[in-house]
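Listing of start.txt, compact mmCIF, C-alpha atoms
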```txt
# COMPACT_ATOMS: atom_id res chain seq x y z
CA MET A 1 25.05 -28.10 -5.68
CA LYS A 2 25.78 -24.44 -6.46
CA LYS A 3 22.10 -23.59 -6.18
CA PHE A 4 21.95 -25.27 -2.81
CA LEU A 5 24.92 -23.26 -1.52
CA PHE A 6 23.41 -20.05 -2.86
CA ILE A 7 20.05 -20.77 -1.26
CA LEU A 8 21.76 -21.68 2.00
CA SER A 9 23.96 -18.57 2.07
CA PHE A 10 21.21 -16.09 1.18
CA PRO A 11 19.43 -16.17 4.59
CA ILE A 12 22.78 -15.89 6.36
CA LEU A 13 23.60 -12.81 4.30
CA LEU A 14 20.22 -11.23 5.11
CA ILE A 15 20.59 -11.88 8.82
CA SER A 16 24.12 -10.49 8.95
CA CYS A 17 23.13 -7.33 7.08
CA SER A 18 20.08 -6.60 9.18
CA GLN A 19 21.58 -7.04 12.63
CA LYS A 20 22.55 -3.93 14.51
CA ASP A 21 26.09 -3.28 15.59
CA GLU A 22 25.89 -3.89 19.35
CA LYS A 23 29.33 -2.41 19.98
CA PHE A 24 28.29 0.81 18.24
CA CYS A 25 25.10 0.89 20.32
CA ASP A 26 27.21 0.51 23.47
CA CYS A 27 29.40 3.37 22.26
CA LEU A 28 26.33 5.49 21.71
CA ALA A 29 24.98 4.70 25.19
CA LYS A 30 28.32 5.49 26.88
CA SER A 31 28.58 8.74 24.93
CA GLU A 32 25.10 9.80 25.95
CA GLU A 33 25.76 8.93 29.60
CA PHE A 34 29.00 10.92 29.53
CA ASN A 35 27.34 13.88 27.81
CA VAL A 36 24.59 14.09 30.45
CA LEU A 37 27.11 13.98 33.29
CA ASN A 38 29.42 16.45 31.56
CA GLN A 39 26.53 18.85 31.02
CA ALA A 40 25.75 18.72 34.74
CA ILE A 41 29.39 19.55 35.51
CA LEU A 42 29.36 22.45 33.05
CA ASN A 43 26.20 23.77 34.72
CA GLY A 44 28.07 24.01 38.02
CA LYS A 45 26.86 20.83 39.72
CA THR A 46 30.37 19.70 40.52
CA ASP A 47 31.65 17.60 43.37
CA ALA A 48 34.57 15.22 43.59
CA GLU A 49 32.37 12.15 43.05
CA THR A 50 30.81 13.57 39.87
CA VAL A 51 34.18 14.52 38.42
CA LYS A 52 35.61 11.06 39.16
CA LYS A 53 32.64 9.43 37.50
CA ALA A 54 32.98 11.71 34.46
CA VAL A 55 36.67 10.88 34.08
CA LYS A 56 35.91 7.16 34.36
CA LEU A 57 33.08 7.41 31.81
CA LYS A 58 35.27 9.34 29.39
CA LYS A 59 37.92 6.61 29.51
CA GLU A 60 35.28 3.89 29.03
CA LYS A 61 33.74 5.83 26.14
CA GLN A 62 37.11 6.25 24.43
CA LYS A 63 37.79 2.53 24.76
CA VAL A 64 34.36 1.41 23.52
CA CYS A 65 34.24 3.94 20.67
CA LEU A 66 37.79 3.42 19.41
CA ASP A 67 36.61 1.54 16.28
CA TYR A 68 34.30 4.39 15.28
CA VAL A 69 36.62 7.41 15.52
CA ASP A 70 37.16 7.64 11.75
CA MET A 71 33.54 6.97 10.78
CA ASN A 72 31.82 9.72 8.81
CA GLY A 73 28.56 11.35 9.87
CA ASP A 74 26.32 9.54 7.39
CA GLN A 75 27.57 6.14 8.52
CA MET A 76 27.07 7.08 12.15
CA LEU A 77 23.51 8.26 11.54
CA ALA A 78 22.69 5.03 9.72
CA ARG A 79 24.03 2.91 12.57
CA LYS A 80 22.35 5.13 15.16
CA LYS A 81 18.96 4.41 13.57
CA GLU A 82 19.63 0.67 13.95
CA CYS A 83 20.23 1.08 17.69
CA LYS A 84 16.77 2.47 18.42
```
What is this structure when it is put down as structure tokens?
Amino acid sequence: MKKFLFILSFPILLISCSQKDEKFCDCLAKSEEFNVLNQAILNGKTDAETVKKAVKLKKEKQKVCLDYVDMNGDQMLARKKECK
């Protein structure tokens, strides 16, 4: 019985370890979108619509990325590779 449970749990463990963190990938996408827009603003391409969108994106990014604020650089790079 123990062998059966081990054999049954092994594929589940492999699947759970190999899946990418979708929430982190969403965080990465929001961050990139915000960075592109923010760079345009810093380059002088500013209008009220762009600023509003940047503020909205920043709030969304902060909300989506809240779980990853304390993550170190090595962990982030490892998860970033999984998102590609």
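In this structure, atom CA of A:Lys52 sits 20.5 Å away from atom CA of A:Leu28.
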If you take every atom of stretch 26-32 of chain A that the file lists and fit an axis-aligned box around them with 6 Å extra on each side, what centre and edge lengths come out in Å to one decimal, as AutoDock Vina command-line options?
```
--center_x 27.2 --center_y 5.2 --center_z 24.3 --size_x 16.4 --size_y 21.3 --size_z 17.2
```
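Residue nearest A:Asp21 within the list A:Asp47, A:Glu33, A:Asn72, A:Asp67: A:Asp67 [criterion: smallest interatomic distance, only C-alpha atoms].
Between atom CA of A:Ile41 and atom CA of A:Arg79 the separation is 28.8 Å.
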- Task: Would you work out the distance separating atom CA of A:Tyr68 from atom CA of A:Phe24, expressed in Å to one decimal?
- Result: 7.6 Å
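Distances to A:Lys30 were evaluated for A:Val55, A:Ala48, A:Val64, A:Leu42 using all atoms listed in the file, and the minimum falls at A:Val64.
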- Task: Tell me which protein, DNA and RNA residues are within 12 Å of A:Glu60, counting all atoms listed in the file, leaving out same-chain ones fewer than 3 positions away, and put them as JSON, numbers by chain.
- Result: {"A": [26, 27, 28, 29, 30, 31, 33, 34, 53, 54, 55, 56, 57, 63, 64, 65, 66]}
Serialized selection, C-alpha atoms, as a PDB file, in the frame of the given file:
```pdb
ATOM      1  CA  ASP A  26      27.210   0.510  23.470  1.00  0.00           C
ATOM      2  CA  CYS A  27      29.400   3.370  22.260  1.00  0.00           C
ATOM      3  CA  LEU A  28      26.330   5.490  21.710  1.00  0.00           C
ATOM      4  CA  ALA A  29      24.980   4.700  25.190  1.00  0.00           C
ATOM      5  CA  LYS A  30      28.320   5.490  26.880  1.00  0.00           C
ATOM      6  CA  SER A  31      28.580   8.740  24.930  1.00  0.00           C
ATOM      7  CA  GLU A  33      25.760   8.930  29.600  1.00  0.00           C
ATOM      8  CA  PHE A  34      29.000  10.920  29.530  1.00  0.00           C
ATOM      9  CA  LYS A  53      32.640   9.430  37.500  1.00  0.00           C
ATOM     10  CA  ALA A  54      32.980  11.710  34.460  1.00  0.00           C
ATOM     11  CA  VAL A  55      36.670  10.880  34.080  1.00  0.00           C
ATOM     12  CA  LYS A  56      35.910   7.160  34.360  1.00  0.00           C
ATOM     13  CA  LEU A  57      33.080   7.410  31.810  1.00  0.00           C
ATOM     14  CA  LYS A  63      37.790   2.530  24.760  1.00  0.00           C
ATOM     15  CA  VAL A  64      34.360   1.410  23.520  1.00  0.00           C
ATOM     16  CA  CYS A  65      34.240   3.940  20.670  1.00  0.00           C
ATOM     17  CA  LEU A  66      37.790   3.420  19.410  1.00  0.00           C
TER      18      LEU A  66
END
```
- Nearest to A:Asn38 among A:Glu82, A:Lys23, A:Lys58, A:Asp74, with distances taken over all atoms listed in the file: which residue is it? A:Lys58
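For the choices A:Ala40, A:Thr50, A:Cys25, A:Gln19, the atom-to-atom distance to A:Leu77 is smallest for A:Cys25 when using all atoms listed in the file.
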Reconstruct stretch 29-59 of chain A at the level of N, CA and C atoms, and format the result as an mmCIF file, keeping the file's coordinate frame.
```cif
data_model
loop_
_atom_site.group_PDB
_atom_site.id
_atom_site.type_symbol
_atom_site.label_atom_id
_atom_site.label_comp_id
_atom_site.auth_asym_id
_atom_site.auth_seq_id
_atom_site.Cartn_x
_atom_site.Cartn_y
_atom_site.Cartn_z
ATOM 1 N N ALA A 29 25.514 4.620 23.824
ATOM 2 C CA ALA A 29 24.980 4.700 25.190
ATOM 3 C C ALA A 29 26.003 5.334 26.141
ATOM 4 N N LYS A 30 27.266 4.917 26.031
ATOM 5 C CA LYS A 30 28.320 5.490 26.880
ATOM 6 C C LYS A 30 28.487 6.980 26.584
ATOM 7 N N SER A 31 28.437 7.340 25.315
ATOM 8 C CA SER A 31 28.580 8.740 24.930
ATOM 9 C C SER A 31 27.454 9.579 25.507
ATOM 10 N N GLU A 32 26.255 9.071 25.426
ATOM 11 C CA GLU A 32 25.100 9.800 25.950
ATOM 12 C C GLU A 32 25.208 9.954 27.477
ATOM 13 N N GLU A 33 25.603 8.885 28.141
ATOM 14 C CA GLU A 33 25.760 8.930 29.600
ATOM 15 C C GLU A 33 26.824 9.961 29.999
ATOM 16 N N PHE A 34 27.938 9.940 29.266
ATOM 17 C CA PHE A 34 29.000 10.920 29.530
ATOM 18 C C PHE A 34 28.525 12.339 29.260
ATOM 19 N N ASN A 35 27.808 12.541 28.169
ATOM 20 C CA ASN A 35 27.340 13.880 27.810
ATOM 21 C C ASN A 35 26.402 14.461 28.869
ATOM 22 N N VAL A 36 25.512 13.633 29.410
ATOM 23 C CA VAL A 36 24.590 14.090 30.450
ATOM 24 C C VAL A 36 25.369 14.505 31.703
ATOM 25 N N LEU A 37 26.307 13.678 32.101
ATOM 26 C CA LEU A 37 27.110 13.980 33.290
ATOM 27 C C LEU A 37 27.977 15.211 33.061
ATOM 28 N N ASN A 38 28.568 15.304 31.887
ATOM 29 C CA ASN A 38 29.420 16.450 31.560
ATOM 30 C C ASN A 38 28.608 17.745 31.536
ATOM 31 N N GLN A 39 27.396 17.674 31.038
ATOM 32 C CA GLN A 39 26.530 18.850 31.020
ATOM 33 C C GLN A 39 26.215 19.319 32.443
ATOM 34 N N ALA A 40 26.004 18.365 33.342
ATOM 35 C CA ALA A 40 25.750 18.720 34.740
ATOM 36 C C ALA A 40 26.978 19.417 35.340
ATOM 37 N N ILE A 41 28.156 18.932 35.005
ATOM 38 C CA ILE A 41 29.390 19.550 35.510
ATOM 39 C C ILE A 41 29.524 20.969 34.958
ATOM 40 N N LEU A 42 29.250 21.128 33.663
ATOM 41 C CA LEU A 42 29.360 22.450 33.050
ATOM 42 C C LEU A 42 28.335 23.434 33.609
ATOM 43 N N ASN A 43 27.230 22.915 34.117
ATOM 44 C CA ASN A 43 26.200 23.770 34.720
ATOM 45 C C ASN A 43 26.500 24.087 36.180
ATOM 46 N N GLY A 44 27.653 23.646 36.678
ATOM 47 C CA GLY A 44 28.070 24.010 38.020
ATOM 48 C C GLY A 44 27.746 22.996 39.100
ATOM 49 N N LYS A 45 27.187 21.867 38.734
ATOM 50 C CA LYS A 45 26.860 20.830 39.720
ATOM 51 C C LYS A 45 28.079 19.900 39.845
ATOM 52 N N THR A 46 29.113 20.417 40.471
ATOM 53 C CA THR A 46 30.370 19.700 40.520
ATOM 54 C C THR A 46 30.726 19.323 41.951
ATOM 55 N N ASP A 47 31.039 18.069 42.143
ATOM 56 C CA ASP A 47 31.650 17.600 43.370
ATOM 57 C C ASP A 47 32.685 16.553 42.962
ATOM 58 N N ALA A 48 33.477 16.136 43.892
ATOM 59 C CA ALA A 48 34.570 15.220 43.590
ATOM 60 C C ALA A 48 34.055 13.909 43.008
ATOM 61 N N GLU A 49 32.950 13.420 43.516
ATOM 62 C CA GLU A 49 32.370 12.150 43.050
ATOM 63 C C GLU A 49 31.928 12.261 41.585
ATOM 64 N N THR A 50 31.289 13.364 41.240
ATOM 65 C CA THR A 50 30.810 13.570 39.870
ATOM 66 C C THR A 50 31.977 13.667 38.897
ATOM 67 N N VAL A 51 33.007 14.371 39.279
ATOM 68 C CA VAL A 51 34.180 14.520 38.420
ATOM 69 C C VAL A 51 34.866 13.172 38.211
ATOM 70 N N LYS A 52 35.006 12.392 39.274
ATOM 71 C CA LYS A 52 35.610 11.060 39.160
ATOM 72 C C LYS A 52 34.813 10.179 38.209
ATOM 73 N N LYS A 53 33.496 10.230 38.360
ATOM 74 C CA LYS A 53 32.640 9.430 37.500
ATOM 75 C C LYS A 53 32.754 9.876 36.044
ATOM 76 N N ALA A 54 32.843 11.176 35.822
ATOM 77 C CA ALA A 54 32.980 11.710 34.460
ATOM 78 C C ALA A 54 34.295 11.263 33.827
ATOM 79 N N VAL A 55 35.360 11.310 34.589
ATOM 80 C CA VAL A 55 36.670 10.880 34.080
ATOM 81 C C VAL A 55 36.627 9.394 33.723
ATOM 82 N N LYS A 56 36.025 8.598 34.599
ATOM 83 C CA LYS A 56 35.910 7.160 34.360
ATOM 84 C C LYS A 56 35.063 6.889 33.102
ATOM 85 N N LEU A 57 33.940 7.584 32.982
ATOM 86 C CA LEU A 57 33.080 7.410 31.810
ATOM 87 C C LEU A 57 33.769 7.825 30.525
ATOM 88 N N LYS A 58 34.550 8.883 30.584
ATOM 89 C CA LYS A 58 35.270 9.340 29.390
ATOM 90 C C LYS A 58 36.256 8.278 28.921
ATOM 91 N N LYS A 59 36.972 7.667 29.864
ATOM 92 C CA LYS A 59 37.920 6.610 29.510
ATOM 93 C C LYS A 59 37.194 5.399 28.929
#
```
